[in-house]
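Data file: my_file_23.txt. Format and content: compact mmCIF, C-alpha atoms.
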```
# COMPACT_ATOMS: atom_id res chain seq x y z
CA MET I 1 69.28 93.81 83.91
CA ALA I 2 70.86 92.59 80.70
CA GLY I 3 71.33 88.93 79.84
CA THR I 4 70.01 86.12 82.03
CA ALA I 5 69.78 87.76 85.47
CA ASN I 6 66.55 89.67 86.12
CA ALA I 7 64.18 90.41 88.98
CA GLU I 8 61.80 87.58 88.08
CA ASN I 9 64.40 84.85 87.74
CA ASN I 10 65.86 83.47 90.98
CA ASP I 11 67.90 80.77 89.22
CA VAL I 12 71.24 81.65 87.70
CA ASP I 13 71.85 80.11 84.28
CA VAL I 14 75.57 79.53 84.72
CA ARG I 15 75.77 77.75 81.36
CA GLN I 16 74.51 80.81 79.51
CA LEU I 17 77.00 83.02 81.35
CA LEU I 18 79.80 80.65 80.39
CA GLU I 19 78.71 80.88 76.74
CA LEU I 20 78.96 84.66 76.97
CA ALA I 21 82.43 84.24 78.46
CA HIS I 22 83.56 82.32 75.39
CA ASP I 23 82.39 85.14 73.12
CA ARG I 24 85.41 87.44 72.95
CA SER I 25 83.60 90.42 71.46
CA ALA I 26 83.77 93.64 73.48
CA GLU I 27 79.97 93.85 73.70
CA SER I 28 79.60 90.29 75.02
CA ARG I 29 82.30 90.95 77.63
CA ARG I 30 80.54 94.13 78.72
CA ILE I 31 77.19 92.37 79.07
CA LEU I 32 78.77 89.47 80.95
CA LEU I 33 80.55 91.79 83.35
CA GLU I 34 77.38 93.73 84.08
CA ASN I 35 75.39 90.52 84.65
CA ILE I 36 77.91 89.01 87.02
CA SER I 37 78.51 92.18 88.98
CA ASP I 38 74.75 92.63 89.36
CA LEU I 39 74.54 89.12 90.74
CA PHE I 40 77.32 89.79 93.24
CA LEU I 41 75.67 92.96 94.47
CA SER I 42 72.14 91.64 94.47
CA PRO I 43 70.39 92.28 97.81
CA GLU I 44 68.73 88.84 97.57
CA GLY I 45 72.12 87.11 97.58
CA ARG I 46 71.03 84.61 94.93
CA LEU I 47 74.48 83.11 94.30
CA THR I 48 75.65 80.05 96.19
CA GLU I 49 79.24 79.91 97.36
CA ARG I 50 80.11 77.63 94.46
CA GLU I 51 78.50 80.01 91.98
CA ARG I 52 80.24 83.03 93.53
CA SER I 53 83.57 81.26 93.17
CA LEU I 54 82.87 80.42 89.54
CA MET I 55 81.73 83.96 88.73
CA ALA I 56 84.86 85.37 90.39
CA GLN I 57 87.04 83.17 88.21
CA ILE I 58 85.23 84.32 85.08
CA LEU I 59 85.55 87.96 86.07
CA SER I 60 89.25 87.66 86.81
CA GLN I 61 89.84 86.13 83.39
CA ILE I 62 87.92 88.70 81.36
CA ILE I 63 88.48 91.85 83.44
CA HIS I 64 91.37 93.14 81.33
CA ASP I 65 89.50 92.57 78.10
CA VAL I 66 86.81 95.17 78.83
CA GLU I 67 87.20 98.88 78.44
CA MET I 68 88.49 101.03 81.27
CA SER I 69 85.18 102.78 81.95
CA VAL I 70 83.47 99.43 82.61
CA ARG I 71 86.28 98.28 84.92
CA ARG I 72 86.17 101.59 86.78
CA SER I 73 82.40 101.24 87.21
CA LEU I 74 82.86 97.72 88.59
CA ALA I 75 85.57 98.90 90.99
CA GLU I 76 83.33 101.67 92.31
CA ARG I 77 80.49 99.20 92.87
CA LEU I 78 82.65 96.60 94.64
CA ALA I 79 84.84 98.96 96.68
CA LYS I 80 82.60 98.89 99.76
CA ASP I 81 81.29 95.35 99.37
CA GLU I 82 82.78 93.28 102.19
CA LYS I 83 81.69 90.08 100.43
CA ALA I 84 83.34 90.88 97.10
CA PRO I 85 85.62 88.08 95.88
CA HIS I 86 89.16 88.55 97.15
CA GLU I 87 90.89 87.57 93.90
CA LEU I 88 88.84 90.05 91.89
CA ILE I 89 89.43 92.88 94.39
CA VAL I 90 93.18 92.25 94.26
CA THR I 91 93.06 92.31 90.45
CA LEU I 92 91.24 95.65 90.47
CA ALA I 93 93.58 97.07 93.11
CA ASN I 94 96.54 96.32 90.84
CA ASP I 95 94.84 97.81 87.76
CA GLU I 96 95.47 101.33 86.46
CA ILE I 97 95.20 103.89 89.25
CA GLU I 98 91.91 105.29 87.90
CA ILE I 99 90.39 101.85 88.47
CA ALA I 100 92.35 100.90 91.60
CA ASN I 101 91.65 104.16 93.40
CA PRO I 102 88.23 103.34 94.97
CA ILE I 103 89.39 99.84 95.88
CA LEU I 104 92.56 101.09 97.58
CA HIS I 105 90.61 103.77 99.42
CA HIS I 106 87.72 101.70 100.72
CA SER I 107 87.89 97.94 100.25
CA GLY I 108 88.10 95.98 103.47
CA VAL I 109 88.71 92.82 101.47
CA LEU I 110 92.37 93.73 100.92
CA ASP I 111 94.68 92.38 103.61
CA ASP I 112 98.22 93.43 104.62
CA ALA I 113 99.84 91.01 102.18
CA ASP I 114 97.85 92.53 99.31
CA LEU I 115 98.77 96.07 100.33
CA LEU I 116 102.44 95.22 100.75
CA GLY I 117 102.51 93.77 97.24
CA ILE I 118 100.93 96.92 95.83
CA VAL I 119 103.34 99.19 97.71
CA LYS I 120 106.36 97.26 96.47
CA HIS I 121 105.34 96.56 92.88
CA ARG I 122 102.84 99.16 91.67
CA THR I 123 103.16 102.84 90.82
CA HIS I 124 103.86 105.95 92.83
CA GLU I 125 100.18 106.90 92.55
CA HIS I 126 99.16 103.53 94.02
CA ARG I 127 101.44 104.13 97.01
CA LEU I 128 100.03 107.62 97.57
CA THR I 129 96.53 106.18 97.61
CA VAL I 130 97.48 103.43 100.05
CA ALA I 131 98.99 106.06 102.35
CA ILE I 132 95.61 107.82 102.55
CA ARG I 133 93.72 104.59 103.24
CA GLY I 134 91.75 103.97 106.47
CA PRO I 135 93.49 102.02 109.25
CA LEU I 136 96.99 100.93 108.21
CA SER I 137 99.12 98.46 110.11
CA GLU I 138 102.68 99.18 111.28
CA GLU I 139 103.99 96.76 108.65
CA VAL I 140 102.30 98.57 105.75
CA ALA I 141 103.30 101.97 107.16
CA GLN I 142 106.92 100.79 107.36
CA ALA I 143 106.80 99.63 103.73
CA LEU I 144 105.58 103.09 102.68
CA VAL I 145 108.40 104.75 104.63
CA ASP I 146 110.91 102.35 103.07
CA THR I 147 110.05 103.71 99.62
CA GLY I 148 111.84 106.93 100.56
CA GLU I 149 109.27 108.93 98.57
CA THR I 150 108.83 112.22 100.39
CA ASP I 151 105.24 112.92 99.36
CA VAL I 152 104.18 109.36 100.19
CA ILE I 153 105.71 109.63 103.67
CA GLU I 154 104.20 113.08 104.21
CA THR I 155 100.77 111.70 103.23
CA LEU I 156 101.23 108.76 105.60
CA LEU I 157 102.11 111.11 108.47
CA LYS I 158 98.91 113.07 107.85
CA ASN I 159 96.90 109.83 108.08
CA HIS I 160 96.19 109.56 111.81
CA ASP I 161 94.58 106.14 111.31
CA ALA I 162 97.95 104.72 110.28
CA GLU I 163 99.90 102.91 112.99
CA ILE I 164 103.55 103.96 113.03
CA SER I 165 106.01 102.05 115.21
CA GLN I 166 108.19 103.84 117.74
CA ARG I 167 111.29 102.87 115.78
CA THR I 168 109.88 104.36 112.57
CA MET I 169 108.74 107.47 114.41
CA ASN I 170 112.28 107.98 115.75
CA TYR I 171 113.64 107.64 112.23
CA LEU I 172 111.16 110.13 110.76
CA VAL I 173 111.86 112.66 113.51
CA SER I 174 115.56 112.46 112.62
CA GLU I 175 114.73 112.77 108.93
CA SER I 176 112.65 115.87 109.64
CA GLN I 177 115.89 117.73 110.26
CA ARG I 178 116.63 117.21 106.57
CA VAL I 179 113.09 117.12 105.13
CA ASP I 180 111.04 120.14 106.20
CA ALA I 181 107.84 118.61 104.79
CA PHE I 182 107.81 116.02 107.60
CA GLN I 183 107.92 118.52 110.45
CA GLN I 184 104.38 119.81 110.70
CA PRO I 185 102.66 116.44 109.97
CA LEU I 186 104.81 114.80 112.65
CA LEU I 187 104.00 117.42 115.25
CA ARG I 188 100.29 117.18 114.44
CA ARG I 189 100.20 113.42 115.07
CA PRO I 190 98.48 112.49 118.35
CA ASP I 191 100.85 109.55 118.84
CA LEU I 192 104.11 111.56 118.68
CA PRO I 193 105.78 111.32 122.13
CA ALA I 194 106.61 114.61 123.82
CA THR I 195 110.29 113.66 124.03
CA LEU I 196 110.49 113.37 120.24
CA ALA I 197 108.58 116.60 119.72
CA HIS I 198 111.04 118.45 121.93
CA ARG I 199 113.96 116.92 120.06
CA MET I 200 112.60 118.59 116.92
CA PHE I 201 112.60 121.96 118.70
CA TRP I 202 116.18 122.64 117.60
CA TRP I 203 115.58 122.55 113.85
CA VAL I 204 111.94 123.55 113.21
CA SER I 205 110.65 127.03 112.41
CA ALA I 206 109.80 129.62 115.06
CA ALA I 207 106.08 128.96 114.58
CA LEU I 208 106.51 125.22 115.12
CA ARG I 209 108.72 125.87 118.16
CA GLU I 210 105.86 127.81 119.70
CA TYR I 211 103.49 124.96 118.80
CA ILE I 212 105.77 122.46 120.57
CA LEU I 213 105.89 124.57 123.71
CA GLU I 214 102.11 125.04 123.69
CA SER I 215 101.07 121.50 122.76
CA TYR I 216 103.61 119.12 124.26
CA LYS I 217 103.52 119.53 128.02
CA VAL I 218 105.91 117.30 129.93
CA ASP I 219 105.33 115.62 133.25
CA GLU I 220 108.74 116.15 134.78
CA THR I 221 108.27 113.46 137.44
CA THR I 222 108.12 110.76 134.75
CA LEU I 223 111.53 111.82 133.45
CA ASP I 224 113.45 112.03 136.72
CA THR I 225 114.38 108.36 136.76
CA ILE I 226 116.36 108.57 133.51
CA ILE I 227 117.75 112.09 133.70
CA HIS I 228 120.74 111.04 135.82
CA ASP I 229 122.32 108.74 133.21
CA THR I 230 121.99 111.33 130.44
CA THR I 231 123.46 114.07 132.65
CA THR I 232 126.45 111.87 133.41
CA LYS I 233 127.12 111.37 129.71
CA VAL I 234 126.85 115.06 129.00
CA LYS I 235 129.31 115.89 131.76
CA ALA I 236 131.77 113.45 130.22
CA ALA I 237 131.32 115.13 126.82
CA VAL I 238 132.52 118.49 128.13
CA SER I 239 135.43 117.13 130.17
CA SER I 240 138.04 118.75 127.91
CA GLU I 241 137.11 122.13 129.35
CA HIS I 242 136.96 120.81 132.89
CA SER I 243 139.37 123.30 134.42
CA THR I 244 137.59 126.50 133.31
CA TYR I 245 134.16 125.24 134.27
CA ALA I 246 135.41 123.72 137.53
CA ASP I 247 136.66 127.13 138.64
CA ALA I 248 133.36 128.70 137.64
CA GLU I 249 131.52 125.98 139.52
CA PHE I 250 133.45 126.79 142.69
CA VAL I 251 132.63 130.52 142.50
CA VAL I 252 128.98 129.93 141.65
CA SER I 253 128.53 127.43 144.48
CA GLU I 254 129.96 129.93 146.95
CA LEU I 255 127.50 132.59 145.78
CA ALA I 256 124.60 130.15 145.91
CA ASP I 257 125.48 129.20 149.50
CA ARG I 258 125.39 132.89 150.46
CA GLY I 259 122.09 133.42 148.64
CA LYS I 260 123.61 135.83 146.13
CA LEU I 261 123.07 133.84 142.97
CA ASP I 262 120.47 135.85 141.08
CA GLY I 263 119.62 137.53 137.81
CA ARG I 264 121.85 140.50 138.55
CA PHE I 265 124.88 138.19 138.75
CA LEU I 266 123.98 136.62 135.39
CA ILE I 267 123.81 140.03 133.71
CA GLN I 268 127.15 141.07 135.22
CA CYS I 269 128.80 137.90 133.92
CA LEU I 270 127.60 138.59 130.36
CA ARG I 271 128.66 142.23 130.44
CA ARG I 272 132.15 141.28 131.64
CA GLY I 273 132.56 138.40 129.21
CA ARG I 274 132.56 135.73 131.92
CA ILE I 275 130.82 133.12 129.80
CA ALA I 276 131.80 130.09 131.91
CA ALA I 277 130.47 131.69 135.10
CA PHE I 278 127.23 132.70 133.36
CA THR I 279 126.77 129.20 131.96
CA VAL I 280 127.38 127.44 135.26
CA ALA I 281 125.22 129.90 137.21
CA LEU I 282 122.26 129.60 134.86
CA ALA I 283 122.62 125.81 134.83
CA LYS I 284 122.41 125.76 138.62
CA MET I 285 119.42 128.11 138.71
CA ALA I 286 117.53 126.08 136.08
CA ASP I 287 118.68 122.74 137.56
CA VAL I 288 120.01 121.40 134.27
CA ASP I 289 123.41 120.32 133.02
CA VAL I 290 125.95 122.91 131.83
CA GLY I 291 125.97 121.34 128.35
CA ILE I 292 122.36 122.22 127.62
CA ILE I 293 122.99 125.88 128.53
CA ARG I 294 125.78 126.04 125.95
CA HIS I 295 123.56 124.34 123.40
CA ILE I 296 120.86 126.94 123.93
CA MET I 297 123.22 129.93 123.94
CA PHE I 298 124.49 129.12 120.45
CA ASP I 299 121.11 128.19 119.03
CA PRO I 300 120.14 130.64 116.24
CA GLY I 301 116.60 131.06 117.60
CA GLY I 302 115.75 132.67 120.92
CA GLU I 303 113.01 130.30 122.00
CA GLY I 304 115.35 127.92 123.83
CA LEU I 305 116.85 130.70 125.91
CA THR I 306 113.33 131.93 126.69
CA VAL I 307 112.36 128.52 128.05
CA LEU I 308 115.61 128.30 130.00
CA CYS I 309 115.13 131.65 131.74
CA ARG I 310 111.50 130.80 132.54
CA ALA I 311 112.61 127.50 134.07
CA ALA I 312 115.15 129.39 136.20
CA SER I 313 112.33 131.60 137.56
CA LEU I 314 113.97 134.79 136.28
CA ASP I 315 111.74 137.81 135.99
CA ARG I 316 110.78 139.48 132.73
CA ALA I 317 113.27 142.36 132.95
CA VAL I 318 116.22 140.08 133.68
CA PHE I 319 115.25 137.80 130.81
CA SER I 320 115.11 140.78 128.43
CA SER I 321 118.62 141.87 129.41
CA ILE I 322 120.02 138.35 129.11
CA PHE I 323 118.39 137.86 125.72
CA LEU I 324 119.84 141.08 124.31
CA LEU I 325 123.31 140.48 125.77
CA THR I 326 123.54 136.91 124.46
CA ARG I 327 122.38 138.02 121.01
CA GLU I 328 125.11 140.66 121.03
CA ALA I 329 127.74 138.10 122.05
CA ARG I 330 126.53 135.50 119.56
CA ASP I 331 125.90 137.72 116.53
CA GLY I 332 128.18 140.66 117.33
CA GLU I 333 125.22 143.01 116.89
CA ARG I 334 124.57 145.69 119.47
CA VAL I 335 121.06 146.38 118.17
CA THR I 336 118.50 143.57 118.18
CA ASP I 337 115.28 143.87 116.22
CA PRO I 338 112.69 144.81 118.89
CA ARG I 339 110.11 142.60 117.18
CA LEU I 340 112.26 139.57 117.96
CA LEU I 341 112.39 140.47 121.65
CA ASP I 342 108.63 141.09 121.66
CA ASN I 343 108.03 137.61 120.23
CA MET I 344 110.24 136.02 122.85
CA LEU I 345 108.47 137.93 125.63
CA LYS I 346 105.14 136.56 124.42
CA ILE I 347 106.50 133.03 124.75
CA PHE I 348 107.99 133.88 128.14
CA ASP I 349 104.63 135.16 129.41
CA ALA I 350 102.67 132.20 128.02
CA LEU I 351 104.85 129.50 129.63
CA SER I 352 104.55 128.43 133.24
CA GLN I 353 107.72 127.63 135.18
CA SER I 354 106.76 123.94 135.43
CA GLU I 355 106.13 123.69 131.67
CA ALA I 356 109.54 125.23 131.00
CA VAL I 357 111.21 122.75 133.35
CA GLY I 358 109.49 119.87 131.56
CA ALA I 359 110.73 121.10 128.20
CA LEU I 360 114.31 121.31 129.48
CA ARG I 361 114.16 117.76 130.76
CA CYS I 362 112.96 116.53 127.40
CA TRP I 363 115.84 118.29 125.68
CA GLN I 364 118.32 116.58 128.01
CA LEU I 365 116.96 113.20 126.92
CA ASN I 366 117.61 113.88 123.24
CA ALA I 367 119.30 110.80 121.83
CA ASP I 368 121.63 113.00 119.76
CA TYR I 369 122.38 115.29 122.66
CA VAL I 370 125.94 114.21 123.46
CA ALA I 371 126.99 114.53 119.81
CA THR I 372 125.39 117.95 119.67
CA ILE I 373 127.31 119.11 122.73
CA ASP I 374 130.57 118.18 121.02
CA GLN I 375 129.61 120.40 118.09
CA ILE I 376 128.56 123.23 120.38
CA ARG I 377 131.81 122.98 122.33
CA SER I 378 133.81 123.56 119.16
CA ALA I 379 131.53 126.40 118.10
CA GLY I 380 131.86 127.98 121.53
CA ALA I 381 135.65 127.85 121.44
CA ARG I 382 135.68 129.53 118.03
CA LEU I 383 133.28 132.19 119.23
CA ARG I 384 135.35 133.00 122.32
CA ARG I 385 138.48 133.32 120.21
CA GLY I 386 136.63 135.61 117.79
CA LEU I 387 135.31 137.83 120.58
CA GLY I 388 138.61 137.87 122.45
CA LEU I 389 136.89 136.57 125.58
CA ARG I 390 139.10 135.23 128.33
CA SER I 391 138.33 132.02 130.17
CA LYS I 392 141.09 132.11 132.81
CA PRO I 393 140.29 130.90 136.32
CA SER I 394 140.73 134.43 137.71
CA THR I 395 137.79 135.72 135.66
CA ALA I 396 135.33 132.97 136.56
CA GLY I 397 133.52 134.89 139.30
```
Hey, can you dump this file as C-alpha cells for me?
Amino acid sequence: MAGTANAENNDVDVRQLLELAHDRSAESRRILLENISDLFLSPEGRLTERERSLMAQILSQIIHDVEMSVRRSLAERLAKDEKAPHELIVTLANDEIEIANPILHHSGVLDDADLLGIVKHRTHEHRLTVAIRGPLSEEVAQALVDTGETDVIETLLKNHDAEISQRTMNYLVSESQRVDAFQQPLLRRPDLPATLAHRMFWWVSAALREYILESYKVDETTLDTIIHDTTTKVKAAVSSEHSTYADAEFVVSELADRGKLDGRFLIQCLRRGRIAAFTVALAKMADVDVGIIRHIMFDPGGEGLTVLCRAASLDRAVFSSIFLLTREARDGERVTDPRLLDNMLKIFDALSQSEAVGALRCWQLNADYVATIDQIRSAGARLRRGLGLRSKPSTAG
C-alpha cells in the first residue's frame, strides 16, 4: 500500500496523513485517498473510532479534488461496507451518478432522510437508481411517486422490495387509466389487492384482462359485508330511469317465480330489442345490481360480458348467442370476427362460476363505480335512440 499504511505497520501515522492532506497536488490527493480507504477497509480494523472520524473528515474535504475515476473506485469499495463513515457515504451518494450509482444501489449506511434528500434535490438518474434500490420505505416510495416522472414510478412499481402504501397504490391504479406503462407492473406486484386489480379490468388490454381473471381470485364471502352499501348507491344512481326498469323488474320477477327465467328468455329479449328486460333478467340471474350489467354491455371488450354470463351459470351456446347479439346492438355490426368469439369462449371455459362471481363482486366495489354508471346511463340512452329501440312499459317482458 502506498504512503504510511502497510502490512507491517499496525500504527497509523495520522500526522503524516494530515501533511499529505495539506498538499493540494492531484498526486498527493490520490495517494492520501488510497491510504485512507485502505485503512477503512482493512480486515484488521486498525483504526480507532477517533481515527476513523478524523479520516472521514479528511476524505469529505478532499473527495471533490480527486479525479472521477478515483472517486468511483472508492465508491465501489465502500458501497457494501456497513461500517463506512456516514458523512462520506452521503457525499458519494450525492456525487455524479457514475460515482453515486454503487452507493445508491447497495449501501446500507444511507437512511431514509438521506434518500429523501437525494430524491428531492439530485438528478433524474439518481431517482431512477433509488427506485431500483433494495428495501424502500413507504416514505421514500411516496417521494418517488411525487416526482411525477413516469419512468421513475414504473421502475419503483417493478421493485417488489419497495413498500407502497395503500393510499399510493390507489392513486397509481387510477393513474394507470391514463399511463399505460403503470398497468403491467402494478398487476405483477404481489401486494396489489384483488379489488384494485379488478378495478383496472375496465381499461387494460385484453391480455391483461385475462391475467386479472387468472391471477386475482376473489373470496366472495369476504366481500358480502360491504356489497350492500355499494349496491344501494348504484340503485340511486340509476333512479332517473326508474319507471322503465321497474316495469322490467316486475315481469322478470314473475318469470323467476314460475321458473321460466333462463337463457332462452335472455336471447329473446335481445332479438326483440327489450334491453331493460334483458338487463334486469341477467342481473337477477348473476345476483348483481342492474348498473353493473349496463356497464358491461357498453364496455368495448367482451371479457366483462364473458365473466357475467359465467357467473349467471349460462351454458356455452347461450353465452355465444348473447355475445353476438350484444355486439350487434352495440356496434351495429351483424358479423362479428369469429376470432373474437373464440377468444371469449376460451375465457369462458377457463373460469369457474365461483371465480366469475368473485370478479363481479370486486367490480361492484369499484370506488369510481357510481360515476361510471352515470356515464354509462347517458351512453345507453344515446344508443337506444340511435337504434330506435323502445323502452315502453308494454315491451318490458
Tell me which protein, DNA and RNA residues are within 10 Å of Glu139 (chain I), counting all atoms listed in the file, leaving out same-chain ones fewer than 5 positions away, and put them as a PDB file with C-alpha atoms, in the frame of the given file.
```
ATOM      1  CA  ASP I 112      98.220  93.430 104.620  1.00  0.00           C
ATOM      2  CA  ALA I 113      99.840  91.010 102.180  1.00  0.00           C
ATOM      3  CA  LEU I 115      98.770  96.070 100.330  1.00  0.00           C
ATOM      4  CA  LEU I 116     102.440  95.220 100.750  1.00  0.00           C
ATOM      5  CA  LEU I 144     105.580 103.090 102.680  1.00  0.00           C
ATOM      6  CA  VAL I 145     108.400 104.750 104.630  1.00  0.00           C
ATOM      7  CA  GLU I 163      99.900 102.910 112.990  1.00  0.00           C
ATOM      8  CA  ILE I 164     103.550 103.960 113.030  1.00  0.00           C
ATOM      9  CA  SER I 165     106.010 102.050 115.210  1.00  0.00           C
TER      10      SER I 165
END
```
Selection near Ser320 (chain I), 9 Å with only C-alpha atoms, sequence-local residues under 6 positions removed, as a list in words: Leu341, Met344 and Leu345 of chain I
Selection file, C-alpha atoms, as a compact mmCIF listing (two decimals), keeping the file's coordinate frame:
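Now in result-v4.txt:
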```txt
# COMPACT_ATOMS: atom_id res chain seq x y z
CA LEU I 341 112.39 140.47 121.65
CA MET I 344 110.24 136.02 122.85
CA LEU I 345 108.47 137.93 125.63
```
Which residues come within 8 Å of region 175-190 of chain I, counting only C-alpha atoms, excluding same-chain residues fewer than 3 positions away, as a list in words?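 Once the nearby chain positions are removed, what remains is Thr150, Ile153, Glu154, Leu157, Lys158, His160, Tyr171, Leu172, Ala197, Met200, Trp203, Val204, Leu208 and Ile212 of chain I.
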I'd like the interatomic distance between CA of Thr129 (chain I) and CA of Asp191 (chain I), to a tenth of an Å.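 Spanning CA of Thr129 (chain I) to CA of Asp191 (chain I) is a straight-line distance of 21.9 Å.
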Taking 6 positions as the minimum chain separation for residues in the same chain, which residues sit within 10 Å of Leu270 (chain I) when counting only C-alpha atoms? Answer as a list in words.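 The neighbour list is Ala276, Ala277, Phe278, Thr279, Ser321, Ile322, Leu325, Thr326, Glu328 and Ala329 of chain I.
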Can I get the selected residues back with C-alpha atoms, as a short mmCIF file (atom, residue, chain, number, x, y, z; two decimals), keeping the file's coordinate frame?
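So again_27.cif came out as:
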```cif
data_model
loop_
_atom_site.label_atom_id
_atom_site.label_comp_id
_atom_site.auth_asym_id
_atom_site.auth_seq_id
_atom_site.Cartn_x
_atom_site.Cartn_y
_atom_site.Cartn_z
CA ALA I 276 131.80 130.09 131.91
CA ALA I 277 130.47 131.69 135.10
CA PHE I 278 127.23 132.70 133.36
CA THR I 279 126.77 129.20 131.96
CA SER I 321 118.62 141.87 129.41
CA ILE I 322 120.02 138.35 129.11
CA LEU I 325 123.31 140.48 125.77
CA THR I 326 123.54 136.91 124.46
CA GLU I 328 125.11 140.66 121.03
CA ALA I 329 127.74 138.10 122.05
#
```
To one decimal place in Å, what is the distance between CA of Ala281 (chain I) and CA of Ser253 (chain I)? 8.4 Å
Just the residues within 9 Å of region 311-315 of chain I, please, counting only C-alpha atoms, with nothing from its chain fewer than 5 positions along; format it as a VMD selection string. chain I and resid 262 to 263 282 to 287 306 320 352 to 360
I'd like to know which of I:Cys362, I:Glu254, I:Val318, I:Ile99 is closest to Ala194 (chain I), using all atoms listed in the file.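 With all atoms listed in the file as the atom set, the closest residue is I:Cys362.
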Considering only C-alpha atoms, can you say which of I:Thr123, I:Ser205, I:Ser73, I:Ser137 comes closest to Glu149 (chain I)? I:Thr123
Quick one, how far is CA of Glu125 (chain I) from CA of Ala100 (chain I)?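 According to the coordinates, CA of Glu125 (chain I) and CA of Ala100 (chain I) are separated by 9.9 Å.
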Take the point (91.1, 92.4, 101.2) in the file's coordinates, draw a sphere of radius 12 Å around it, and report as a ChimeraX atom specification every protein, DNA or RNA residue with an atom inside or on it, counting only C-alpha atoms. /I:78-93,103-116
Take the residues from that selection and write them out as a CSV table (one decimal), in the coordinates of the input, keeping C-alpha atoms.
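File produced: selection24.csv:
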```csv
chain,number,residue,atom,x,y,z
I,78,LEU,CA,82.6,96.6,94.6
I,79,ALA,CA,84.8,99.0,96.7
I,80,LYS,CA,82.6,98.9,99.8
I,81,ASP,CA,81.3,95.4,99.4
I,82,GLU,CA,82.8,93.3,102.2
I,83,LYS,CA,81.7,90.1,100.4
I,84,ALA,CA,83.3,90.9,97.1
I,85,PRO,CA,85.6,88.1,95.9
I,86,HIS,CA,89.2,88.6,97.2
I,87,GLU,CA,90.9,87.6,93.9
I,88,LEU,CA,88.8,90.0,91.9
I,89,ILE,CA,89.4,92.9,94.4
I,90,VAL,CA,93.2,92.2,94.3
I,91,THR,CA,93.1,92.3,90.4
I,92,LEU,CA,91.2,95.6,90.5
I,93,ALA,CA,93.6,97.1,93.1
I,103,ILE,CA,89.4,99.8,95.9
I,104,LEU,CA,92.6,101.1,97.6
I,105,HIS,CA,90.6,103.8,99.4
I,106,HIS,CA,87.7,101.7,100.7
I,107,SER,CA,87.9,97.9,100.2
I,108,GLY,CA,88.1,96.0,103.5
I,109,VAL,CA,88.7,92.8,101.5
I,110,LEU,CA,92.4,93.7,100.9
I,111,ASP,CA,94.7,92.4,103.6
I,112,ASP,CA,98.2,93.4,104.6
I,113,ALA,CA,99.8,91.0,102.2
I,114,ASP,CA,97.8,92.5,99.3
I,115,LEU,CA,98.8,96.1,100.3
I,116,LEU,CA,102.4,95.2,100.8
```
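Of the listed residues I:Asp95, I:Pro102, I:Ile132, I:Glu138, the one whose atoms come nearest to Ala75 (chain I) is I:Pro102, with distances taken using all atoms listed in the file.
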